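Below is input.cif, which holds mmCIF, C-alpha atoms.
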data_work
#
loop_
_atom_site.label_atom_id
_atom_site.label_comp_id
_atom_site.auth_asym_id
_atom_site.auth_seq_id
_atom_site.Cartn_x
_atom_site.Cartn_y
_atom_site.Cartn_z
CA MET H 131 6.70 -14.63 6.10
CA LEU H 132 5.84 -12.16 3.35
CA GLN H 133 8.98 -12.47 1.25
CA GLY H 134 9.51 -9.54 -1.06
CA VAL H 135 6.45 -7.63 0.15
CA LYS H 136 7.27 -3.99 0.81
CA ALA H 137 3.76 -2.50 0.91
CA VAL H 138 0.11 -3.53 1.24
CA ILE H 139 -2.76 -1.59 -0.34
CA ALA H 140 -6.23 -1.99 1.18
CA LYS H 141 -9.47 -0.10 1.83
CA SER H 142 -8.60 0.05 5.55
CA PHE H 143 -6.57 -1.73 8.22
CA GLU H 144 -7.56 -2.97 11.66
CA ARG H 145 -5.20 -1.74 14.36
CA ILE H 146 -3.70 -5.19 15.02
CA HIS H 147 -2.96 -5.75 11.33
CA ARG H 148 -1.43 -2.30 11.00
CA SER H 149 0.80 -2.99 14.01
CA ASN H 150 1.86 -6.36 12.60
CA LEU H 151 2.74 -4.85 9.23
CA VAL H 152 4.74 -2.05 10.87
CA GLY H 153 6.61 -4.69 12.88
CA MET H 154 7.56 -6.43 9.64
CA GLY H 155 8.64 -3.16 7.99
CA ILE H 156 5.78 -3.17 5.49
CA ILE H 157 4.18 0.12 4.46
CA GLN H 158 0.38 0.27 4.65
CA LEU H 159 -1.38 2.22 1.89
CA CYS H 160 -5.12 2.86 1.61
CA PHE H 161 -7.16 3.48 -1.50
CA LYS H 162 -8.66 6.95 -1.82
CA ALA H 163 -12.33 7.30 -0.87
CA GLY H 164 -14.55 5.74 -3.51
CA GLU H 165 -11.72 3.69 -5.01
CA ASP H 166 -10.83 0.05 -4.54
CA ALA H 167 -9.32 -2.80 -6.52
CA ASP H 168 -12.59 -3.38 -8.41
CA THR H 169 -13.17 0.25 -9.43
CA LEU H 170 -9.57 0.47 -10.64
CA GLY H 171 -9.79 -2.82 -12.56
CA LEU H 172 -7.04 -4.55 -10.57
CA THR H 173 -6.79 -8.33 -10.81
CA ASP H 174 -4.19 -9.29 -8.11
CA HIS H 175 -1.71 -10.16 -10.86
CA GLU H 176 -0.12 -6.72 -11.20
CA ARG H 177 3.28 -5.58 -10.04
CA TYR H 178 3.34 -2.10 -8.57
CA THR H 179 5.74 0.80 -8.47
CA ILE H 180 5.22 3.10 -5.49
CA ASP H 181 6.67 6.59 -5.60
CA LEU H 182 7.72 7.42 -2.02
CA PRO H 183 10.07 10.05 -0.63
CA SER H 184 13.66 8.80 -0.42
CA LYS H 185 13.87 9.54 3.32
CA ALA H 186 11.49 7.62 5.59
CA SER H 187 11.19 10.69 7.82
CA ASP H 188 9.57 12.54 4.88
CA ILE H 189 6.66 10.07 4.73
CA LYS H 190 3.62 11.52 6.52
CA HIS H 191 0.36 9.90 7.64
CA GLY H 192 -2.39 10.61 5.11
CA GLN H 193 0.06 11.67 2.43
CA ASP H 194 -0.90 10.95 -1.18
CA VAL H 195 1.53 8.72 -3.05
CA THR H 196 1.60 7.65 -6.69
CA VAL H 197 1.18 3.93 -7.36
CA THR H 198 1.43 2.60 -10.91
CA THR H 199 0.98 -0.92 -12.20
CA ASP H 200 3.07 -2.82 -14.70
CA ASN H 201 0.19 -2.40 -17.14
CA GLY H 202 -0.13 1.35 -16.61
#
Structure encoded using structure tokens:
Amino acid sequence: MLQGVKAVIAKSFERIHRSNLVGMGIIQLCFKAGEDADTLGLTDHERYTIDLPSKASDIKHGQDVTVTTDNG
């Protein structure tokens, strides 16, 4: 089980993985085109803050969201 995980950020998701994450209540976020963990200098040791609408019904497919790390 993914204890404490609320979102996953990746370049893309296969349909089965997306379905599994939805089933676990985990939000799937994709990097913008041309960006990935390497280009953003991420090390897998960051903690993230994700700015989402307060109502789940306000979250739309393809919507931009702001994600910040504990180191800025």
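Atom CA of Val195 of chain H sits 18.8 Å away from atom CA of Gly171 of chain H.
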Could you please determine the separation between atom CA of Arg177 of chain H and atom CA of Asn201 of chain H in Å, to one decimal place? 8.4 Å
Chain and number of each residue from the PyMOL selection byres ((chain H and resi 136-152) around 9), as a ChimeraX atom specification: /H:132-135,153-163,165-167,180
I'd like the interatomic distance between atom CA of Leu170 of chain H and atom CA of Val197 of chain H, to a tenth of an Å. 11.8 Å
Emit as JSON the padded axis-aligned box for all listed atoms of segment 137-156 of chain H, 8 Å per side, with centre and edge lengths in Å to one decimal.
{"center_x": -0.4, "center_y": -3.2, "center_z": 7.3, "size_x": 34.1, "size_y": 22.5, "size_z": 31.4}
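Selecting by distance to (6.3, -5.6, -14.7) with a limit of 9 Å and using all atoms listed in the file, one obtains Glu176, Arg177, Tyr178, Thr179, Thr199, Asp200 and Asn201 of chain H.
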